[in-house]
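K.L.:
my_file22.pdb is the file, holding PDB, C-alpha atoms:
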```
ATOM      1  CA  MET A   1      25.727   3.733  -0.767
ATOM      2  CA  ALA A   2      25.837   0.418  -2.670
ATOM      3  CA  SER A   3      28.541  -1.015  -0.417
ATOM      4  CA  GLY A   4      26.527  -0.055   2.666
ATOM      5  CA  LEU A   5      23.469  -1.830   1.266
ATOM      6  CA  VAL A   6      25.469  -4.984   0.548
ATOM      7  CA  GLU A   7      26.928  -4.965   4.063
ATOM      8  CA  ALA A   8      23.455  -4.533   5.547
ATOM      9  CA  LEU A   9      22.108  -7.466   3.552
ATOM     10  CA  TRP A  10      25.003  -9.639   4.658
ATOM     11  CA  ALA A  11      24.204  -8.762   8.268
ATOM     12  CA  LEU A  12      20.900 -10.568   7.878
ATOM     13  CA  SER A  13      19.036 -10.704  11.179
ATOM     14  CA  PRO A  14      16.230 -13.251  11.750
ATOM     15  CA  LEU A  15      13.719 -10.422  11.371
ATOM     16  CA  ARG A  16      15.120  -9.308   8.033
ATOM     17  CA  ALA A  17      15.271 -12.924   6.884
ATOM     18  CA  VAL A  18      11.542 -13.320   7.592
ATOM     19  CA  TRP A  19      10.617 -10.198   5.652
ATOM     20  CA  LEU A  20      12.951 -11.119   2.809
ATOM     21  CA  ALA A  21      11.279 -14.539   2.562
ATOM     22  CA  LEU A  22       7.823 -12.927   2.521
ATOM     23  CA  ASP A  23       8.992 -10.485  -0.149
ATOM     24  CA  ALA A  24      10.214 -13.322  -2.348
ATOM     25  CA  ALA A  25       7.054 -15.409  -1.825
ATOM     26  CA  PHE A  26       4.586 -12.653  -2.738
ATOM     27  CA  LEU A  27       6.604 -11.196  -5.601
ATOM     28  CA  LEU A  28       6.959 -14.693  -7.074
ATOM     29  CA  SER A  29       3.211 -15.255  -6.668
ATOM     30  CA  LEU A  30       2.557 -11.990  -8.492
ATOM     31  CA  LEU A  31       4.895 -12.945 -11.336
ATOM     32  CA  LEU A  32       3.205 -16.339 -11.663
ATOM     33  CA  GLN A  33      -0.168 -14.624 -12.014
ATOM     34  CA  LEU A  34       1.222 -12.257 -14.645
ATOM     35  CA  ALA A  35       2.697 -15.114 -16.699
ATOM     36  CA  PRO A  36       0.629 -16.460 -19.634
ATOM     37  CA  PRO A  37      -1.584 -19.349 -18.367
ATOM     38  CA  ARG A  38      -0.289 -21.711 -21.045
ATOM     39  CA  LEU A  39       3.228 -21.528 -19.623
ATOM     40  CA  LEU A  40       2.322 -22.777 -16.153
ATOM     41  CA  PRO A  41       0.262 -25.749 -14.986
ATOM     42  CA  GLU A  42      -2.878 -24.859 -13.039
ATOM     43  CA  CYS A  43      -2.606 -25.477  -9.299
ATOM     44  CA  LEU A  44      -5.927 -25.174  -7.481
ATOM     45  CA  LEU A  45      -4.320 -25.163  -4.041
ATOM     46  CA  PHE A  46      -2.021 -22.277  -4.972
ATOM     47  CA  GLN A  47      -4.950 -20.313  -6.401
ATOM     48  CA  ASP A  48      -7.008 -21.034  -3.301
ATOM     49  CA  LEU A  49      -4.261 -19.721  -1.024
ATOM     50  CA  ILE A  50      -3.697 -16.430  -2.851
ATOM     51  CA  ARG A  51      -7.342 -15.564  -3.553
ATOM     52  CA  TYR A  52      -9.983 -14.328  -1.132
ATOM     53  CA  GLY A  53     -13.312 -12.583  -1.182
ATOM     54  CA  LYS A  54     -14.778 -11.856  -4.606
ATOM     55  CA  THR A  55     -11.787 -13.228  -6.508
ATOM     56  CA  LYS A  56     -12.621 -16.764  -5.336
ATOM     57  CA  LEU A  57     -15.885 -16.491  -7.238
ATOM     58  CA  THR A  58     -14.010 -16.544 -10.556
ATOM     59  CA  GLU A  59     -12.499 -19.955  -9.876
ATOM     60  CA  PRO A  60     -13.968 -23.292 -10.973
ATOM     61  CA  ALA A  61     -16.029 -25.211  -8.429
ATOM     62  CA  ARG A  62     -13.803 -25.686  -5.445
ATOM     63  CA  PRO A  63     -13.477 -29.155  -3.911
ATOM     64  CA  ALA A  64     -15.292 -29.692  -0.615
ATOM     65  CA  ALA A  65     -11.926 -30.354   1.028
ATOM     66  CA  TYR A  66     -10.895 -26.773   0.184
ATOM     67  CA  ARG A  67     -14.157 -25.242   1.365
ATOM     68  CA  ALA A  68     -13.678 -26.904   4.758
ATOM     69  CA  PHE A  69     -10.864 -24.410   5.452
ATOM     70  CA  ASP A  70     -12.918 -21.305   4.676
ATOM     71  CA  VAL A  71     -13.656 -18.629   7.245
ATOM     72  CA  PRO A  72     -15.809 -15.509   6.637
ATOM     73  CA  LYS A  73     -14.031 -12.525   5.145
ATOM     74  CA  ARG A  74     -15.689 -10.351   7.784
ATOM     75  CA  TYR A  75     -13.185 -11.879  10.208
ATOM     76  CA  PHE A  76     -10.792  -9.253   8.829
ATOM     77  CA  SER A  77     -11.875  -7.227  11.850
ATOM     78  CA  HIS A  78     -10.018  -9.708  14.077
ATOM     79  CA  PHE A  79      -6.730  -8.581  12.528
ATOM     80  CA  TYR A  80      -7.291  -5.037  13.685
ATOM     81  CA  VAL A  81      -8.507  -6.047  17.135
ATOM     82  CA  ILE A  82      -5.212  -7.874  17.606
ATOM     83  CA  SER A  83      -3.268  -4.919  16.214
ATOM     84  CA  VAL A  84      -5.020  -2.340  18.401
ATOM     85  CA  LEU A  85      -4.377  -4.407  21.533
ATOM     86  CA  TRP A  86      -0.867  -5.671  20.783
ATOM     87  CA  ASN A  87       0.573  -2.575  19.133
ATOM     88  CA  GLY A  88      -1.163  -0.405  21.696
ATOM     89  CA  PHE A  89       0.675  -2.401  24.363
ATOM     90  CA  LEU A  90       3.994  -1.964  22.522
ATOM     91  CA  LEU A  91       3.302   1.752  22.126
ATOM     92  CA  GLY A  92       2.659   1.991  25.868
ATOM     93  CA  CYS A  93       5.947   0.210  26.639
ATOM     94  CA  LEU A  94       7.835   2.501  24.254
ATOM     95  CA  SER A  95       6.166   5.642  25.650
ATOM     96  CA  GLN A  96       7.166   4.726  29.193
ATOM     97  CA  ALA A  97      10.686   3.916  28.055
ATOM     98  CA  VAL A  98      11.124   7.133  26.086
ATOM     99  CA  PHE A  99       9.445   9.657  28.367
ATOM    100  CA  LEU A 100       9.799   8.033  31.803
ATOM    101  CA  GLY A 101      12.945   5.954  31.392
ATOM    102  CA  VAL A 102      11.182   2.673  32.262
ATOM    103  CA  PRO A 103      13.091  -0.339  30.828
ATOM    104  CA  PHE A 104      11.336  -2.819  28.566
ATOM    105  CA  PRO A 105      10.069  -5.985  30.300
ATOM    106  CA  ASN A 106      12.649  -8.775  30.315
ATOM    107  CA  TRP A 107      10.564 -11.043  28.070
ATOM    108  CA  LEU A 108      10.001  -8.286  25.492
ATOM    109  CA  HIS A 109      13.658  -7.313  25.467
ATOM    110  CA  GLY A 110      14.616 -10.964  25.059
ATOM    111  CA  LEU A 111      12.166 -11.362  22.175
ATOM    112  CA  LEU A 112      13.575  -8.312  20.411
ATOM    113  CA  ARG A 113      17.118  -9.606  20.859
ATOM    114  CA  ALA A 114      16.092 -12.984  19.439
ATOM    115  CA  LEU A 115      14.696 -11.223  16.381
ATOM    116  CA  GLY A 116      18.011  -9.469  15.897
ATOM    117  CA  ALA A 117      17.380  -6.004  17.293
ATOM    118  CA  ALA A 118      20.715  -4.200  17.438
ATOM    119  CA  GLN A 119      22.115  -2.608  20.558
ATOM    120  CA  ALA A 120      22.795   0.720  18.890
ATOM    121  CA  GLN A 121      23.451   4.187  20.222
ATOM    122  CA  GLY A 122      22.566   7.092  17.969
ATOM    123  CA  GLY A 123      22.051   5.120  14.771
ATOM    124  CA  GLU A 124      18.273   5.563  14.705
ATOM    125  CA  LEU A 125      16.239   8.416  16.103
ATOM    126  CA  VAL A 126      13.893   7.027  18.743
ATOM    127  CA  LEU A 127      11.281   9.584  17.713
ATOM    128  CA  SER A 128      11.089   7.927  14.289
ATOM    129  CA  ALA A 129      10.151   4.526  15.728
ATOM    130  CA  PHE A 130       7.717   6.148  18.169
ATOM    131  CA  LEU A 131       5.883   7.959  15.369
ATOM    132  CA  VAL A 132       5.774   4.889  13.118
ATOM    133  CA  LEU A 133       4.347   2.735  15.913
ATOM    134  CA  LEU A 134       1.810   5.472  16.648
ATOM    135  CA  PHE A 135       0.855   5.614  12.952
ATOM    136  CA  LEU A 136       0.451   1.826  12.868
ATOM    137  CA  TRP A 137      -1.790   1.906  15.947
ATOM    138  CA  LEU A 138      -3.944   4.742  14.583
ATOM    139  CA  HIS A 139      -4.194   2.976  11.238
ATOM    140  CA  SER A 140      -5.455  -0.162  12.990
ATOM    141  CA  TRP A 141      -8.063   1.819  14.930
ATOM    142  CA  ARG A 142      -9.381   3.369  11.716
ATOM    143  CA  ARG A 143      -9.507   0.042   9.883
ATOM    144  CA  LEU A 144     -11.321  -1.529  12.842
ATOM    145  CA  PHE A 145     -13.869   1.292  12.748
ATOM    146  CA  GLU A 146     -14.317   0.775   9.013
ATOM    147  CA  CYS A 147     -14.860  -2.956   9.435
ATOM    148  CA  PHE A 148     -17.733  -2.304  11.840
ATOM    149  CA  TYR A 149     -19.329   0.857  10.448
ATOM    150  CA  VAL A 150     -18.196   1.427   6.834
ATOM    151  CA  SER A 151     -17.589  -1.854   5.030
ATOM    152  CA  VAL A 152     -20.445  -4.148   4.031
ATOM    153  CA  PHE A 153     -19.255  -7.747   4.001
ATOM    154  CA  SER A 154     -20.988 -10.391   1.935
ATOM    155  CA  ASP A 155     -20.729 -14.127   2.507
ATOM    156  CA  ALA A 156     -17.306 -14.105   0.847
ATOM    157  CA  VAL A 157     -14.570 -16.157   2.496
ATOM    158  CA  ILE A 158     -10.839 -16.313   3.136
ATOM    159  CA  HIS A 159      -8.657 -19.369   3.677
ATOM    160  CA  ILE A 160      -7.829 -20.195   7.273
ATOM    161  CA  VAL A 161      -4.125 -19.967   6.360
ATOM    162  CA  GLN A 162      -4.708 -16.364   5.256
ATOM    163  CA  TYR A 163      -6.619 -15.723   8.469
ATOM    164  CA  CYS A 164      -3.828 -17.066  10.694
ATOM    165  CA  PHE A 165      -1.238 -15.176   8.667
ATOM    166  CA  GLY A 166      -3.179 -11.937   9.108
ATOM    167  CA  LEU A 167      -3.322 -12.399  12.876
ATOM    168  CA  GLY A 168       0.423 -12.993  13.059
ATOM    169  CA  TYR A 169       1.268 -10.200  10.646
ATOM    170  CA  TYR A 170       0.269  -7.344  12.938
ATOM    171  CA  VAL A 171       2.162  -8.895  15.831
ATOM    172  CA  LEU A 172       5.283  -9.172  13.675
ATOM    173  CA  VAL A 173       5.044  -5.711  12.155
ATOM    174  CA  GLY A 174       4.769  -4.084  15.597
ATOM    175  CA  LEU A 175       7.834  -5.976  16.804
ATOM    176  CA  THR A 176       9.618  -4.872  13.632
ATOM    177  CA  VAL A 177       9.021  -1.229  14.498
ATOM    178  CA  LEU A 178      10.102  -1.718  18.099
ATOM    179  CA  SER A 179      13.268  -3.538  17.021
ATOM    180  CA  GLN A 180      14.424  -0.316  15.312
ATOM    181  CA  VAL A 181      14.572   1.573  18.605
ATOM    182  CA  PRO A 182      18.165   2.344  19.695
ATOM    183  CA  MET A 183      18.814   0.448  22.919
ATOM    184  CA  ASP A 184      21.388   0.455  25.689
ATOM    185  CA  GLY A 185      20.679  -2.851  27.372
ATOM    186  CA  ARG A 186      16.984  -2.837  28.304
ATOM    187  CA  THR A 187      16.867   0.957  28.259
ATOM    188  CA  VAL A 188      15.956   3.064  25.237
ATOM    189  CA  TYR A 189      18.851   5.262  24.149
ATOM    190  CA  VAL A 190      17.664   8.850  23.647
ATOM    191  CA  ILE A 191      19.893  11.558  22.182
ATOM    192  CA  GLY A 192      19.340  14.680  24.249
ATOM    193  CA  LYS A 193      17.025  15.106  27.189
ATOM    194  CA  ASN A 194      13.832  15.673  25.201
ATOM    195  CA  PRO A 195      12.930  13.166  22.422
ATOM    196  CA  LEU A 196      10.752  15.820  20.763
ATOM    197  CA  MET A 197      13.941  17.760  20.032
ATOM    198  CA  GLN A 198      14.796  14.999  17.545
ATOM    199  CA  ALA A 199      12.059  16.215  15.178
ATOM    200  CA  ARG A 200      13.309  16.434  11.591
ATOM    201  CA  TRP A 201      11.822  17.483   8.275
ATOM    202  CA  PHE A 202      11.186  13.883   7.234
ATOM    203  CA  HIS A 203       9.014  13.362  10.321
ATOM    204  CA  ILE A 204       6.739  16.175   9.124
ATOM    205  CA  LEU A 205       6.736  14.858   5.554
ATOM    206  CA  GLY A 206       5.990  11.308   6.724
ATOM    207  CA  MET A 207       3.118  12.526   8.891
ATOM    208  CA  MET A 208       1.600  14.502   6.012
ATOM    209  CA  MET A 209       1.877  11.493   3.686
ATOM    210  CA  PHE A 210       0.312   9.234   6.317
ATOM    211  CA  ILE A 211      -2.686  11.541   6.802
ATOM    212  CA  TRP A 212      -3.117  12.044   3.039
ATOM    213  CA  SER A 213      -3.004   8.311   2.284
ATOM    214  CA  SER A 214      -5.288   7.445   5.202
ATOM    215  CA  VAL A 215      -7.915   9.983   4.139
ATOM    216  CA  HIS A 216      -8.001   8.590   0.603
ATOM    217  CA  GLN A 217      -8.168   4.994   1.811
ATOM    218  CA  TYR A 218     -11.104   5.904   4.050
ATOM    219  CA  LYS A 219     -12.873   7.631   1.139
ATOM    220  CA  CYS A 220     -12.386   4.547  -1.042
ATOM    221  CA  HIS A 221     -13.809   2.250   1.631
ATOM    222  CA  VAL A 222     -16.818   4.581   2.002
ATOM    223  CA  ILE A 223     -17.387   4.433  -1.766
ATOM    224  CA  LEU A 224     -17.269   0.617  -1.709
ATOM    225  CA  GLY A 225     -19.596   0.429   1.282
ATOM    226  CA  ASN A 226     -22.104   2.843  -0.295
ATOM    227  CA  LEU A 227     -22.394   0.606  -3.364
ATOM    228  CA  ARG A 228     -24.388  -1.760  -1.151
ATOM    229  CA  ARG A 229     -26.467   0.881   0.668
ATOM    230  CA  ASN A 230     -29.369   3.087  -0.313
ATOM    231  CA  LYS A 231     -29.410   6.844   0.215
ATOM    232  CA  ALA A 232     -30.643   6.319   3.782
ATOM    233  CA  GLY A 233     -27.557   4.246   4.561
ATOM    234  CA  VAL A 234     -29.428   0.934   4.782
ATOM    235  CA  VAL A 235     -27.724  -2.147   3.311
ATOM    236  CA  ILE A 236     -29.919  -3.384   0.451
ATOM    237  CA  HIS A 237     -27.735  -5.990  -1.269
ATOM    238  CA  CYS A 238     -24.269  -7.556  -1.304
ATOM    239  CA  ASN A 239     -23.713  -7.555  -5.067
ATOM    240  CA  HIS A 240     -20.639  -6.183  -6.797
ATOM    241  CA  ARG A 241     -20.888  -2.976  -8.792
ATOM    242  CA  ILE A 242     -18.388  -0.717 -10.540
ATOM    243  CA  PRO A 243     -17.079   1.886  -8.085
ATOM    244  CA  PHE A 244     -16.492   5.465  -9.204
ATOM    245  CA  GLY A 245     -14.962   8.518  -7.551
ATOM    246  CA  ASP A 246     -11.702   9.532  -5.872
ATOM    247  CA  TRP A 247      -8.783   7.242  -6.814
ATOM    248  CA  PHE A 248     -11.164   4.710  -8.400
ATOM    249  CA  GLU A 249     -10.954   6.877 -11.505
ATOM    250  CA  CYS A 250      -7.334   5.758 -11.928
ATOM    251  CA  VAL A 251      -7.084   2.227 -10.507
ATOM    252  CA  SER A 252      -9.358  -0.689  -9.660
ATOM    253  CA  SER A 253      -8.097  -1.065  -6.094
ATOM    254  CA  PRO A 254      -7.126   2.365  -4.751
ATOM    255  CA  ASN A 255      -7.579   1.089  -1.184
ATOM    256  CA  TYR A 256      -4.661  -1.303  -1.800
ATOM    257  CA  PHE A 257      -2.609   1.482  -3.383
ATOM    258  CA  ALA A 258      -3.350   3.701  -0.356
ATOM    259  CA  GLU A 259      -2.148   0.887   1.923
ATOM    260  CA  LEU A 260       1.181   0.893   0.097
ATOM    261  CA  MET A 261       1.425   4.680   0.408
ATOM    262  CA  ILE A 262       0.728   4.446   4.150
ATOM    263  CA  TYR A 263       3.687   2.099   4.595
ATOM    264  CA  ILE A 264       5.864   4.287   2.384
ATOM    265  CA  SER A 265       4.949   7.235   4.610
ATOM    266  CA  MET A 266       6.331   5.221   7.534
ATOM    267  CA  ALA A 267       9.536   4.580   5.586
ATOM    268  CA  VAL A 268       9.817   8.331   5.088
ATOM    269  CA  THR A 269       9.255   8.855   8.818
ATOM    270  CA  PHE A 270      12.184   6.514   9.467
ATOM    271  CA  GLY A 271      14.306   8.900   7.404
ATOM    272  CA  PHE A 272      14.281   6.943   4.092
ATOM    273  CA  TYR A 273      17.300   4.765   4.952
ATOM    274  CA  ASN A 274      15.869   2.054   7.225
ATOM    275  CA  LEU A 275      16.514  -1.169   5.278
ATOM    276  CA  THR A 276      14.386  -3.363   7.544
ATOM    277  CA  TRP A 277      11.328  -1.207   6.994
ATOM    278  CA  TRP A 278      11.891  -1.087   3.228
ATOM    279  CA  LEU A 279      11.698  -4.886   3.302
ATOM    280  CA  VAL A 280       8.285  -4.463   4.937
ATOM    281  CA  VAL A 281       7.303  -1.997   2.197
ATOM    282  CA  ILE A 282       8.342  -4.486  -0.495
ATOM    283  CA  TYR A 283       6.149  -7.130   1.150
ATOM    284  CA  VAL A 284       3.199  -4.708   1.228
ATOM    285  CA  PHE A 285       3.789  -3.898  -2.443
ATOM    286  CA  GLY A 286       3.844  -7.584  -3.417
ATOM    287  CA  SER A 287       0.795  -8.604  -1.394
ATOM    288  CA  GLN A 288      -1.334  -5.576  -2.321
ATOM    289  CA  ALA A 289      -0.329  -5.694  -5.994
ATOM    290  CA  LEU A 290      -1.299  -9.377  -6.143
ATOM    291  CA  SER A 291      -4.715  -8.724  -4.585
ATOM    292  CA  ALA A 292      -5.248  -5.676  -6.802
ATOM    293  CA  PHE A 293      -4.380  -7.615  -9.974
ATOM    294  CA  LEU A 294      -6.830 -10.402  -9.104
ATOM    295  CA  SER A 295      -9.549  -7.830  -8.308
ATOM    296  CA  HIS A 296      -8.871  -6.045 -11.599
ATOM    297  CA  LYS A 297      -9.285  -9.289 -13.540
ATOM    298  CA  PHE A 298     -12.517  -9.971 -11.648
ATOM    299  CA  TYR A 299     -14.000  -6.579 -12.577
ATOM    300  CA  GLN A 300     -12.952  -6.958 -16.214
ATOM    301  CA  SER A 301     -14.540 -10.404 -16.476
ATOM    302  CA  LYS A 302     -17.782  -9.414 -14.725
ATOM    303  CA  PHE A 303     -18.491  -6.022 -16.310
ATOM    304  CA  VAL A 304     -18.345  -5.529 -20.078
ATOM    305  CA  SER A 305     -18.540  -1.764 -19.559
ATOM    306  CA  TYR A 306     -15.670  -1.646 -17.079
ATOM    307  CA  PRO A 307     -13.503   1.470 -17.745
ATOM    308  CA  LYS A 308     -10.623   0.412 -19.984
ATOM    309  CA  HIS A 309      -8.322   3.231 -18.878
ATOM    310  CA  ARG A 310      -8.156   1.996 -15.279
ATOM    311  CA  LYS A 311      -5.018   0.242 -14.131
ATOM    312  CA  ALA A 312      -5.030  -2.470 -11.490
ATOM    313  CA  PHE A 313      -2.831  -0.990  -8.757
ATOM    314  CA  LEU A 314      -0.408   1.809  -9.678
ATOM    315  CA  PRO A 315      -1.925   4.837 -11.433
ATOM    316  CA  PHE A 316      -0.962   4.975 -15.147
ATOM    317  CA  LEU A 317       1.541   2.113 -14.729
ATOM    318  CA  PHE A 318       0.114  -1.248 -13.579
TER     319      PHE A 318
END
```
As structure tokens, how would this structure be written, given the file I've shared?
P.N.:
Amino acid sequence: MASGLVEALWALSPLRAVWLALDAAFLLSLLLQLAPPRLLPECLLFQDLIRYGKTKLTEPARPAAYRAFDVPKRYFSHFYVISVLWNGFLLGCLSQAVFLGVPFPNWLHGLLRALGAAQAQGGELVLSAFLVLLFLWLHSWRRLFECFYVSVFSDAVIHIVQYCFGLGYYVLVGLTVLSQVPMDGRTVYVIGKNPLMQARWFHILGMMMFIWSSVHQYKCHVILGNLRRNKAGVVIHCNHRIPFGDWFECVSSPNYFAELMIYISMAVTFGFYNLTWWLVVIYVFGSQALSAFLSHKFYQSKFVSYPKHRKAFLPFLF
């Protein structure tokens, strides 16, 4: 097992290199935030790049030069528009390839090869990649719905670098899924005549985990949205209040924890052993843990009565 992992890391494709770099960047950022302030010099630009939304409010007055790069946080919806369109397109290409035998377009196949997609036969079940891409697409549809009809955005902002990164992220993650499809040239390699015959126990487990995590994330977003609405559902303010209910009883940012669980459910759907996707999971852990930690500190500083038993991100641990 260990030797296989070492060999896989040595065979570092451009795609894995990108995810490994993102893993290192966000885990390092998290560690820097966890370190005692006296040990590290304050860097306003670094803080401005890792914070968004309510956590920017805890910073000192930001220079006008920094504020010039702000865009509204409500632009989060753009991420999911891109994901629905792009990953829907990739899902359509994969569906035609799997069920109708239509080869990938030349440009898409060339892009996957440039990213380091292996020409493998039988190493990865094509049904796994199909389900993961489907989960990603459905997840994006739900988050887009929530942005329009559930969440209540204030005048909070994000940095334009974060905005551009978010747009590119969902393009990259869809290509990552598609690069795991076993290929024979431009044609998808399918074991057996019917891809549905590849169904395994981990596909069922991954699907159950995906649904469970998605339901809880939706509930948490409803709770947050209702904090700014009256009983009739009308938005009455954009202030921050202490959320209660569901996973909020354990952690400050259960929506971030649910996001991690959604990506872990996809790793399970891949059969547990897909190294490339685990690199994606590590990135999601680092980025969501960082945001959750900053949110936790915000709540603690704003509310004297904030529940002391709540952790920031992982129930009972962190």
K.L.:
Please compute the atom CA of A:Tyr283-atom CA of A:Gln162 distance, one decimal, in Å.
P.N.:
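It comes out at 14.8 Å.
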K.L.:
One number please: atom CA of A:Val132 to atom CA of A:Val251, in Å, one decimal.
P.N.:
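Atom CA of A:Val251 lies 27.0 Å from atom CA of A:Val132.
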K.L.:
Quick one, how far is atom CA of A:Pro243 from atom CA of A:Ala156?
P.N.:
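Computed distance, atom CA of A:Pro243 to atom CA of A:Ala156, equals 18.3 Å.
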K.L.:
Between A:Leu127, A:Met209, A:Val222, A:Ala199, which residue has the minimum interatomic distance to A:Ser95, considering all atoms listed in the file?
P.N.:
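Residue with the minimum atom-to-atom distance to A:Ser95: A:Leu127.
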K.L.:
For each of A:Lys311, A:Ser301, A:His159, A:Arg228, take the minimum atom-to-atom distance to A:Phe257, counting only C-alpha atoms, then give the residue where this is smallest.
P.N.:
A:Lys311
K.L.:
Taking the file as I've supplied it (selection: the PyMOL selection byres ((chain A and resi 104-119) around 9)), which residues are included? Please answer as a compact mmCIF listing (two decimals) with C-alpha atoms, in the frame of the given file.
P.N.:
```
# COMPACT_ATOMS: atom_id res chain seq x y z
CA LEU A 12 20.90 -10.57 7.88
CA SER A 13 19.04 -10.70 11.18
CA PRO A 14 16.23 -13.25 11.75
CA LEU A 15 13.72 -10.42 11.37
CA ARG A 16 15.12 -9.31 8.03
CA CYS A 93 5.95 0.21 26.64
CA LEU A 94 7.84 2.50 24.25
CA GLN A 96 7.17 4.73 29.19
CA ALA A 97 10.69 3.92 28.06
CA VAL A 102 11.18 2.67 32.26
CA PRO A 103 13.09 -0.34 30.83
CA ALA A 120 22.80 0.72 18.89
CA GLN A 121 23.45 4.19 20.22
CA LEU A 175 7.83 -5.98 16.80
CA THR A 176 9.62 -4.87 13.63
CA LEU A 178 10.10 -1.72 18.10
CA SER A 179 13.27 -3.54 17.02
CA GLN A 180 14.42 -0.32 15.31
CA VAL A 181 14.57 1.57 18.60
CA PRO A 182 18.16 2.34 19.70
CA MET A 183 18.81 0.45 22.92
CA ASP A 184 21.39 0.46 25.69
CA GLY A 185 20.68 -2.85 27.37
CA ARG A 186 16.98 -2.84 28.30
CA THR A 187 16.87 0.96 28.26
CA VAL A 188 15.96 3.06 25.24
```
K.L.:
Identify, on the basis of only C-alpha atoms, every residue whose closest approach to A:Ala289 does not exceed 9 Å; exclude the query and any residue fewer than 6 positions from it along the same chain; express the result as a compact mmCIF listing (two decimals) with C-alpha atoms, in the frame of the given file.
P.N.:
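Output contents, as saved in around20.txt:
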```txt
# COMPACT_ATOMS: atom_id res chain seq x y z
CA LEU A 27 6.60 -11.20 -5.60
CA LEU A 30 2.56 -11.99 -8.49
CA TYR A 256 -4.66 -1.30 -1.80
CA PHE A 257 -2.61 1.48 -3.38
CA ALA A 312 -5.03 -2.47 -11.49
CA PHE A 313 -2.83 -0.99 -8.76
CA LEU A 314 -0.41 1.81 -9.68
CA PHE A 318 0.11 -1.25 -13.58
```
K.L.:
What do you get, as a VMD selection string, if you spell out every residue that the PyMOL selection byres ((chain A and resi 142) around 12) selects here?
P.N.:
chain A and resid 77 80 to 81 83 to 84 135 to 141 143 to 151 211 214 to 215 217 to 219 221
K.L.:
Given 8 Å on each side, where is the centre and what are the edge lengths in Å to one decimal of the axis-aligned box enclosing the listed atoms of stretch 122-140 of chain A, as AutoDock Vina command-line options?
P.N.:
```
--center_x 8.6 --center_y 4.7 --center_z 15.0 --size_x 44.0 --size_y 25.7 --size_z 23.5
```
K.L.:
Could you spell out the hits of the PyMOL selection byres ((chain A and resi 295) around 8) on the shown file, as a PyMOL selection string?
P.N.:
chain A and resi 54-55+252-253+291-294+296-299+312
K.L.:
From the list A:Pro254, A:Val173, A:Pro72, A:Lys302, which residue is nearest A:Trp277 when using only C-alpha atoms?
P.N.:
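So, comparing all the options, the nearest one is A:Val173.
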K.L.:
Pick out the closest residue to A:Phe316 from this set: A:Trp247, A:Trp19, A:Tyr263, A:Tyr273. Count only C-alpha atoms.
P.N.:
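Checking each of A:Trp247, A:Trp19, A:Tyr263, A:Tyr273 against A:Phe316, counting only C-alpha atoms, the winner is A:Trp247.
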K.L.:
Rank A:Leu91, A:Leu227, A:Ala267, A:Leu133 by their smallest atom-to-atom distance to A:Leu279, using all atoms listed in the file, and report the top residue only.
P.N.:
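Ranked by minimum distance to A:Leu279, first place goes to A:Ala267.
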K.L.:
So, counting only C-alpha atoms, which residue among A:Asp48, A:Ser128, A:Asn226, A:Leu20 is closest to A:Leu275?
P.N.:
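Nearest to A:Leu275: A:Leu20.
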K.L.:
For A:Leu45, please output as a count of residues only all residues within 12 Å (counting all atoms listed in the file; exclusion window: fewer than 2 positions along the same chain).
P.N.:
18
